[in-house]
Amino acid sequence: MTDVSTVNPTDAVDPLVLAIDIGTSSVRALIYDSRGRAVLGWDAHRPYSTTTTPDGGVEIDARLLLELVCGCIDDVVRLAEDASERIAAVACDTFWHSVLGVAKTGEVVTPIYTWADTRSGPAARALQARVDQDALHARTGAVLHSSYVPAKLLWLSQIRPELVEHVGYWMSFGEYLYLQFFGVRRVSISMASGTGLLDQGSCTWDSELLNELPIEAAQLSPIAEFSDVLTDLRAPYRQRWSALHHVPWFLPLGDGACNNVGSGGFCRDWAVAMIGTSAALRIVYETSKVVIPRGLWSYRVDRRRVVQGGALSEGGNVFAWLSHALRVPSEAEVESELLKMSPDGHGLTVLPFLAGERSPNWNVNARSAIVGMTLNTSPIQIVRACMEAIAYRIGAIYDILVKTIGTPRGIIGSGAGLIRSPAWMQITADVLGRPMAVSAVPEASSRGAALLVLEAMGVLGDLSNAPAALATSHMPLDENTRLYRAARERQNEVYKQLIG
């Protein structure tokens with residue numbers, strides 16, 4: 001297969017776009033050319049860890065994350081040398097559903113509370129009793145759950161009122177980043193759509209929900225299309241990156257939306273199954289009227305495109321936990337063993353909720369369970385059973401999506417969990433009963449952000465002009481799909497008995 005996702009520096013076609021990708025475990029900065037190809041050697045990567053607490057907290061230090069982003073930009077500008085003068089725009093994507101408090105002076109007041117922080121579960125339940133949940137979901141595309149911002153704001157006002165007093169503004173990390181760089185508060189429709197506070201139809205803050213929260217609308221950033229660019233960096237950044245001082249910086253976009261676009265899933269034809277740290281199944285399409293299916297969420301790429309689907313709190317993080325807890329062999333050895341195993345041949349039924357449940361039931365109190373173990377159960381069987389269990393939950397999301405939007409032409413497998421594991425890719429294809437094409441894009445989120453910027457600049461004309469980089473396809477086997485259908489029913493029965 002011809003690689004359409006990367007290019008050598010000497011062959012990169014102007015204009016160039018610097019893309020900043022801010023995830024919950026690492027920061028990356030890459031340069032893409034006008035055809036959406038990552039320029040080899042012009043990239044930087046800085047890993048980091050979230051801070052967890054015994055009561056379910058998952059936090060990030062915003063100042064540390066700012067330093068990591070700046071360090072990545074430093075590295076890329078240095079690596080590109082004179083070619084950095086050819087950068088015509090900056091794209092950015094970052095994690096959805098997070099929030100931090102910032103003083104009116106721009107100083108950090110709170111840590112970043114991520115989607116994985118479950119401490120606001122009781123606050124979410126309190127809100128559920130006060131509002132019409134179906135009407136709220138139909139407006140905001142989100143449920144009242146600890147993953148989203150409304151519950152976090154109510155929770156903080158209850159347990160840390162003295163801290164909340166010092167907060168002038170509530171924002172995502174991307175907004176904080178641009179506030180430091182430009183001194184301006186502005187949030188893209190894409191990032192606002194992932195808060196649980198946005199009316200998806202009007203693309204304005206939802207006034208009915210705000211009335212139930214200890215917050216004023218003025219404490220949220222003004223909403224704009226991501227193409228409402230900022231220029232003219234503040235000191236000391238204008239001196240630090242002189243080549244980027246006057247170029248347009250497009251507003252940060254949601255990483256999930258960008259992952260779909262970068263993988264090739266930019267229209268109804270393609271759904272994208274992603275397994276990274278967590279997991280998701282999403283589809284992007286254009287619409288003038290947003291219809292939001294029960295059990296799933298709906299956010300926005302921009303004003304004319306929505307991204308709908310479901311997300312799991314589990315994915316590669318479960319495999320990482322198993323690797324540590326069970327002391328399984330190296331990744332290569334595990335993969336070899338997994339490929340030898342029969343579908344559902346271990347006698348285990350797993351509820352994979354190590355970090356609680358999101359789609360489709362949104363039960364923050366759901367916890368993991370392994371049923372059916374014997375003295376003969378091996379660690380590799382537990383690993384396989386957990387991978388299958390996560391695929392079953394993706395299957396539940398797919399079934400709802402198909403009923404609402406229709407059957408997509410194909411499914412793209414994305415994220416390190418799937419791309420690096422042919423076994424997990426085949427399991428997922430068999431569970432869904434649909435062929436899955438492997439994304440050949442190693443950094444789909446940053447590529448998606450770059451493609452959206454190139455489209456907004458008029459360079460691409462349309463996203464379809466950037467070819468999807470797809471590798472081999474995994475074809476489902478009818479017998480495996482039949483076996484997994486029965487295993488999914490077994491998982492559902494265990495779910496009803498243990499969780500409700």
# chains A, B, ... in the order shown; residues from 1 in each chain; ligands from 1
call {"tool": "closest_atom_pairs", "arguments": {"of": "segment 272-332 of chain A", "to": "segment 96-102 of chain A", "cutoff": "12 Å", "atoms": "only C-alpha atoms", "output": "CSV"}}
result
residue,atom,partner,partner_atom,distance
A:Tyr299,CA,A:Trp96,CA,9.9
A:Arg300,CA,A:Trp96,CA,11.2
A:Val301,CA,A:Trp96,CA,11.8
A:Ala311,CA,A:Trp96,CA,11.7
call {"tool": "write_last_selection", "arguments": {"atoms": "C-alpha atoms", "output": "PDB file, in the first residue's frame"}}
result
ATOM      1  CA  TYR A 299     -21.196  16.716  19.851  1.00  0.00           C
ATOM      2  CA  ARG A 300     -20.009  18.910  17.022  1.00  0.00           C
ATOM      3  CA  VAL A 301     -17.037  19.073  14.697  1.00  0.00           C
ATOM      4  CA  ALA A 311     -17.690   6.138  24.494  1.00  0.00           C
TER       5      ALA A 311
END
call {"tool": "select_by_dssp", "arguments": {"residues": "segment 269-486 of chain A", "states": "helix (DSSP H, G or I)", "output": "short mmCIF file (atom, residue, chain, number, x, y, z; two decimals) with N, CA and C atoms, in the first residue's frame"}}
result
data_model
loop_
_atom_site.label_atom_id
_atom_site.label_comp_id
_atom_site.auth_asym_id
_atom_site.auth_seq_id
_atom_site.Cartn_x
_atom_site.Cartn_y
_atom_site.Cartn_z
N GLY A 316 -7.53 0.56 26.20
CA GLY A 316 -6.16 0.17 26.46
C GLY A 316 -5.78 0.25 27.93
N ASN A 317 -6.50 1.08 28.70
CA ASN A 317 -6.19 1.18 30.13
C ASN A 317 -6.46 -0.15 30.84
N VAL A 318 -7.45 -0.92 30.38
CA VAL A 318 -7.72 -2.23 30.96
C VAL A 318 -6.57 -3.19 30.65
N PHE A 319 -6.11 -3.16 29.39
CA PHE A 319 -4.98 -4.02 29.02
C PHE A 319 -3.74 -3.65 29.84
N ALA A 320 -3.51 -2.35 30.03
CA ALA A 320 -2.36 -1.90 30.83
C ALA A 320 -2.48 -2.39 32.27
N TRP A 321 -3.69 -2.30 32.82
CA TRP A 321 -3.91 -2.77 34.20
C TRP A 321 -3.67 -4.27 34.30
N LEU A 322 -4.19 -5.03 33.33
CA LEU A 322 -4.00 -6.48 33.34
C LEU A 322 -2.53 -6.85 33.21
N SER A 323 -1.81 -6.12 32.35
CA SER A 323 -0.38 -6.41 32.16
C SER A 323 0.39 -6.26 33.46
N HIS A 324 0.01 -5.24 34.23
CA HIS A 324 0.67 -4.99 35.51
C HIS A 324 0.20 -5.98 36.57
N ALA A 325 -1.12 -6.15 36.69
CA ALA A 325 -1.68 -6.97 37.77
C ALA A 325 -1.41 -8.45 37.58
N LEU A 326 -1.46 -8.93 36.34
CA LEU A 326 -1.30 -10.36 36.07
C LEU A 326 0.11 -10.73 35.61
N GLU A 331 4.06 -7.55 24.98
CA GLU A 331 2.94 -7.32 24.08
C GLU A 331 2.98 -8.27 22.89
N ALA A 332 4.16 -8.49 22.32
CA ALA A 332 4.30 -9.38 21.16
C ALA A 332 3.93 -10.82 21.52
N GLU A 333 4.37 -11.29 22.68
CA GLU A 333 4.05 -12.65 23.11
C GLU A 333 2.56 -12.80 23.39
N VAL A 334 1.97 -11.79 24.03
CA VAL A 334 0.53 -11.83 24.30
C VAL A 334 -0.25 -11.90 22.99
N GLU A 335 0.13 -11.09 22.02
CA GLU A 335 -0.57 -11.06 20.74
C GLU A 335 -0.51 -12.43 20.07
N SER A 336 0.65 -13.06 20.13
CA SER A 336 0.80 -14.38 19.51
C SER A 336 -0.13 -15.39 20.16
N GLU A 337 -0.24 -15.34 21.49
CA GLU A 337 -1.12 -16.27 22.20
C GLU A 337 -2.59 -15.97 21.92
N LEU A 338 -2.94 -14.69 21.86
CA LEU A 338 -4.33 -14.32 21.61
C LEU A 338 -4.82 -14.83 20.27
N LEU A 339 -3.94 -14.76 19.25
CA LEU A 339 -4.32 -15.18 17.91
C LEU A 339 -4.58 -16.68 17.82
N LYS A 340 -4.06 -17.45 18.77
CA LYS A 340 -4.26 -18.90 18.77
C LYS A 340 -5.57 -19.31 19.45
N PRO A 379 -3.94 -16.33 33.00
CA PRO A 379 -3.91 -14.88 32.77
C PRO A 379 -4.25 -14.48 31.34
N ILE A 380 -3.76 -15.25 30.36
CA ILE A 380 -4.02 -14.89 28.96
C ILE A 380 -5.50 -15.06 28.63
N GLN A 381 -6.17 -15.99 29.28
CA GLN A 381 -7.62 -16.13 29.07
C GLN A 381 -8.36 -14.92 29.61
N ILE A 382 -7.91 -14.41 30.74
CA ILE A 382 -8.53 -13.21 31.32
C ILE A 382 -8.32 -12.02 30.39
N VAL A 383 -7.12 -11.90 29.83
CA VAL A 383 -6.84 -10.82 28.89
C VAL A 383 -7.77 -10.91 27.69
N ARG A 384 -7.88 -12.09 27.10
CA ARG A 384 -8.75 -12.27 25.93
C ARG A 384 -10.21 -11.96 26.29
N ALA A 385 -10.66 -12.43 27.44
CA ALA A 385 -12.04 -12.20 27.85
C ALA A 385 -12.32 -10.71 28.04
N CYS A 386 -11.36 -9.97 28.56
CA CYS A 386 -11.54 -8.52 28.75
C CYS A 386 -11.58 -7.79 27.41
N MET A 387 -10.74 -8.21 26.48
CA MET A 387 -10.76 -7.59 25.15
C MET A 387 -12.09 -7.86 24.46
N GLU A 388 -12.59 -9.07 24.58
CA GLU A 388 -13.89 -9.38 23.99
C GLU A 388 -15.00 -8.59 24.66
N ALA A 389 -14.91 -8.44 26.00
CA ALA A 389 -15.93 -7.70 26.75
C ALA A 389 -16.03 -6.25 26.30
N ILE A 390 -14.90 -5.63 26.04
CA ILE A 390 -14.90 -4.25 25.56
C ILE A 390 -15.51 -4.19 24.16
N ALA A 391 -15.19 -5.18 23.33
CA ALA A 391 -15.78 -5.23 21.99
C ALA A 391 -17.30 -5.39 22.06
N TYR A 392 -17.81 -6.14 23.04
CA TYR A 392 -19.27 -6.28 23.20
C TYR A 392 -19.92 -4.93 23.49
N ARG A 393 -19.25 -4.12 24.32
CA ARG A 393 -19.82 -2.81 24.66
C ARG A 393 -19.79 -1.89 23.44
N ILE A 394 -18.75 -2.01 22.61
CA ILE A 394 -18.71 -1.26 21.35
C ILE A 394 -19.86 -1.73 20.45
N GLY A 395 -20.13 -3.03 20.47
CA GLY A 395 -21.23 -3.57 19.69
C GLY A 395 -22.58 -3.01 20.11
N ALA A 396 -22.77 -2.79 21.41
CA ALA A 396 -24.03 -2.20 21.89
C ALA A 396 -24.21 -0.79 21.35
N ILE A 397 -23.12 -0.03 21.29
CA ILE A 397 -23.17 1.32 20.74
C ILE A 397 -23.49 1.27 19.24
N TYR A 398 -22.84 0.34 18.54
CA TYR A 398 -23.04 0.22 17.09
C TYR A 398 -24.50 -0.08 16.77
N ASP A 399 -25.12 -0.96 17.54
CA ASP A 399 -26.51 -1.33 17.28
C ASP A 399 -27.44 -0.12 17.38
N ILE A 400 -27.21 0.73 18.38
CA ILE A 400 -28.04 1.94 18.54
C ILE A 400 -27.79 2.91 17.40
N LEU A 401 -26.53 3.06 17.02
CA LEU A 401 -26.16 4.00 15.97
C LEU A 401 -26.80 3.60 14.64
N VAL A 402 -26.77 2.32 14.33
CA VAL A 402 -27.34 1.84 13.07
C VAL A 402 -28.85 2.08 13.02
N LYS A 403 -29.53 1.87 14.13
CA LYS A 403 -30.98 2.08 14.17
C LYS A 403 -31.34 3.55 13.93
N THR A 404 -30.45 4.44 14.32
CA THR A 404 -30.74 5.87 14.23
C THR A 404 -30.28 6.47 12.91
N ILE A 405 -29.06 6.14 12.50
CA ILE A 405 -28.44 6.80 11.35
C ILE A 405 -28.43 5.91 10.11
N ALA A 416 -4.27 3.13 19.12
CA ALA A 416 -3.15 2.20 19.31
C ALA A 416 -3.63 0.81 19.72
N GLY A 417 -4.71 0.74 20.52
CA GLY A 417 -5.20 -0.55 20.98
C GLY A 417 -5.57 -1.47 19.83
N LEU A 418 -6.24 -0.92 18.82
CA LEU A 418 -6.64 -1.73 17.67
C LEU A 418 -5.53 -1.86 16.63
N ILE A 419 -4.86 -0.75 16.34
CA ILE A 419 -3.85 -0.76 15.28
C ILE A 419 -2.71 -1.72 15.63
N PRO A 422 -3.77 -7.03 15.93
CA PRO A 422 -4.64 -7.70 14.96
C PRO A 422 -5.68 -8.59 15.63
N ALA A 423 -5.34 -9.16 16.78
CA ALA A 423 -6.29 -10.01 17.48
C ALA A 423 -7.49 -9.21 17.94
N TRP A 424 -7.27 -8.06 18.53
CA TRP A 424 -8.37 -7.22 19.01
C TRP A 424 -9.18 -6.67 17.83
N MET A 425 -8.51 -6.37 16.74
CA MET A 425 -9.20 -5.90 15.54
C MET A 425 -10.12 -7.00 15.00
N GLN A 426 -9.63 -8.24 14.95
CA GLN A 426 -10.46 -9.34 14.46
C GLN A 426 -11.62 -9.62 15.40
N ILE A 427 -11.37 -9.56 16.71
CA ILE A 427 -12.44 -9.74 17.69
C ILE A 427 -13.55 -8.73 17.44
N THR A 428 -13.16 -7.46 17.25
CA THR A 428 -14.15 -6.40 17.06
C THR A 428 -14.91 -6.58 15.75
N ALA A 429 -14.22 -6.97 14.69
CA ALA A 429 -14.89 -7.23 13.42
C ALA A 429 -15.90 -8.37 13.56
N ASP A 430 -15.51 -9.42 14.28
CA ASP A 430 -16.41 -10.56 14.48
C ASP A 430 -17.61 -10.18 15.33
N VAL A 431 -17.40 -9.39 16.38
CA VAL A 431 -18.50 -8.96 17.24
C VAL A 431 -19.50 -8.12 16.47
N LEU A 432 -18.99 -7.17 15.67
CA LEU A 432 -19.86 -6.29 14.90
C LEU A 432 -20.46 -6.99 13.67
N ALA A 444 -3.99 10.03 14.31
CA ALA A 444 -5.20 10.44 13.60
C ALA A 444 -5.77 11.76 14.11
N SER A 445 -5.69 12.02 15.42
CA SER A 445 -6.30 13.25 15.96
C SER A 445 -5.60 14.49 15.44
N SER A 446 -4.28 14.50 15.48
CA SER A 446 -3.56 15.67 14.99
C SER A 446 -3.76 15.84 13.48
N ARG A 447 -3.81 14.72 12.75
CA ARG A 447 -4.05 14.80 11.31
C ARG A 447 -5.44 15.38 11.04
N GLY A 448 -6.43 14.94 11.82
CA GLY A 448 -7.77 15.47 11.64
C GLY A 448 -7.83 16.97 11.88
N ALA A 449 -7.15 17.44 12.93
CA ALA A 449 -7.11 18.88 13.19
C ALA A 449 -6.47 19.63 12.03
N ALA A 450 -5.37 19.06 11.50
CA ALA A 450 -4.69 19.71 10.37
C ALA A 450 -5.58 19.72 9.13
N LEU A 451 -6.29 18.62 8.86
CA LEU A 451 -7.16 18.56 7.69
C LEU A 451 -8.30 19.58 7.79
N LEU A 452 -8.88 19.72 8.96
CA LEU A 452 -9.96 20.68 9.14
C LEU A 452 -9.47 22.11 8.94
N VAL A 453 -8.25 22.39 9.37
CA VAL A 453 -7.67 23.71 9.16
C VAL A 453 -7.39 23.93 7.67
N LEU A 454 -6.83 22.92 7.01
CA LEU A 454 -6.56 23.05 5.58
C LEU A 454 -7.85 23.26 4.78
N GLU A 455 -8.93 22.60 5.19
CA GLU A 455 -10.22 22.81 4.55
C GLU A 455 -10.70 24.24 4.80
N ALA A 456 -10.60 24.72 6.04
CA ALA A 456 -11.06 26.07 6.38
C ALA A 456 -10.25 27.13 5.65
N LEU A 463 -12.81 17.79 2.64
CA LEU A 463 -12.05 16.74 3.33
C LEU A 463 -11.88 15.50 2.46
N SER A 464 -12.81 15.26 1.56
CA SER A 464 -12.72 14.08 0.70
C SER A 464 -11.51 14.14 -0.24
N ASN A 465 -10.93 15.33 -0.39
CA ASN A 465 -9.74 15.46 -1.24
C ASN A 465 -8.47 14.95 -0.57
N ASP A 478 -18.56 -15.75 10.10
CA ASP A 478 -19.95 -15.93 10.53
C ASP A 478 -20.06 -16.75 11.81
N GLU A 479 -19.28 -17.81 11.92
CA GLU A 479 -19.37 -18.65 13.11
C GLU A 479 -18.91 -17.88 14.34
N ASN A 480 -17.86 -17.09 14.21
CA ASN A 480 -17.39 -16.28 15.35
C ASN A 480 -18.45 -15.26 15.76
N THR A 481 -19.09 -14.64 14.77
CA THR A 481 -20.15 -13.66 15.07
C THR A 481 -21.29 -14.33 15.83
N ARG A 482 -21.63 -15.56 15.45
CA ARG A 482 -22.69 -16.30 16.14
C ARG A 482 -22.31 -16.56 17.59
N LEU A 483 -21.06 -17.01 17.81
CA LEU A 483 -20.60 -17.29 19.16
C LEU A 483 -20.59 -16.02 20.02
N TYR A 484 -20.16 -14.94 19.41
CA TYR A 484 -20.09 -13.69 20.17
C TYR A 484 -21.49 -13.12 20.46
N ARG A 485 -22.44 -13.39 19.58
CA ARG A 485 -23.80 -12.93 19.84
C ARG A 485 -24.33 -13.57 21.13
N ALA A 486 -24.07 -14.85 21.30
CA ALA A 486 -24.49 -15.55 22.53
C ALA A 486 -23.72 -15.02 23.74
#
call {"tool": "atom_distance", "arguments": {"atom1": "atom CA of Ser25 of chain A", "atom2": "atom CA of Ala468 of chain A"}}
result
25.8 Å
call {"tool": "residues_around", "arguments": {"residues": "Gly23 of chain A", "least_positions_apart": "2", "cutoff": "9 Å", "atoms": "only C-alpha atoms", "output": "PyMOL selection string"}}
result
chain A and resi 21+25-28+93-95+255
call {"tool": "residues_around", "arguments": {"residues": "Arg303 of chain A", "least_positions_apart": "5", "cutoff": "9 Å", "atoms": "only C-alpha atoms", "output": "JSON, numbers by chain"}}
result
{"A": [189, 190, 203, 225]}
call {"tool": "write_last_selection", "arguments": {"atoms": "C-alpha atoms", "output": "PDB file, in the first residue's frame"}}
result
ATOM      1  CA  ILE A 189     -18.215  25.143  18.998  1.00  0.00           C
ATOM      2  CA  SER A 190     -16.458  21.783  18.954  1.00  0.00           C
ATOM      3  CA  CYS A 203     -24.757  26.401  19.444  1.00  0.00           C
ATOM      4  CA  GLU A 225     -16.409  28.698  15.057  1.00  0.00           C
TER       5      GLU A 225
END
call {"tool": "closest_residue", "arguments": {"among": "A:Ile223, A:Glu208, A:Ala88, A:Gly264", "to": "Gln133 of chain A", "atoms": "only C-alpha atoms"}}
result
A:Glu208
call {"tool": "select_by_dssp", "arguments": {"residues": "segment 287-451 of chain A", "states": "strand (DSSP E)", "output": "PyMOL selection string"}}
result
chain A and resi 297-300+305-312+349-351+369-371+410-414+436-439
call {"tool": "atom_distance", "arguments": {"atom1": "atom CA of Asp82 of chain A", "atom2": "atom CA of His246 of chain A"}}
result
16.3 Å
call {"tool": "closest_residue", "arguments": {"among": "A:Thr110, A:Thr24, A:Thr377, A:Ser207", "to": "Pro47 of chain A", "atoms": "only C-alpha atoms"}}
result
A:Thr24
call {"tool": "residues_around", "arguments": {"residues": "Ala224 of chain A", "least_positions_apart": "2", "cutoff": "7 Å", "atoms": "only C-alpha atoms", "output": "list of chain:residue names"}}
result
A:Arg186, A:Val187, A:Ser188, A:Ile189, A:Pro222, A:Phe226, A:Asp228
call {"tool": "atom_distance", "arguments": {"atom1": "atom CA of Ile292 of chain A", "atom2": "atom CA of Leu154 of chain A"}}
result
24.9 Å
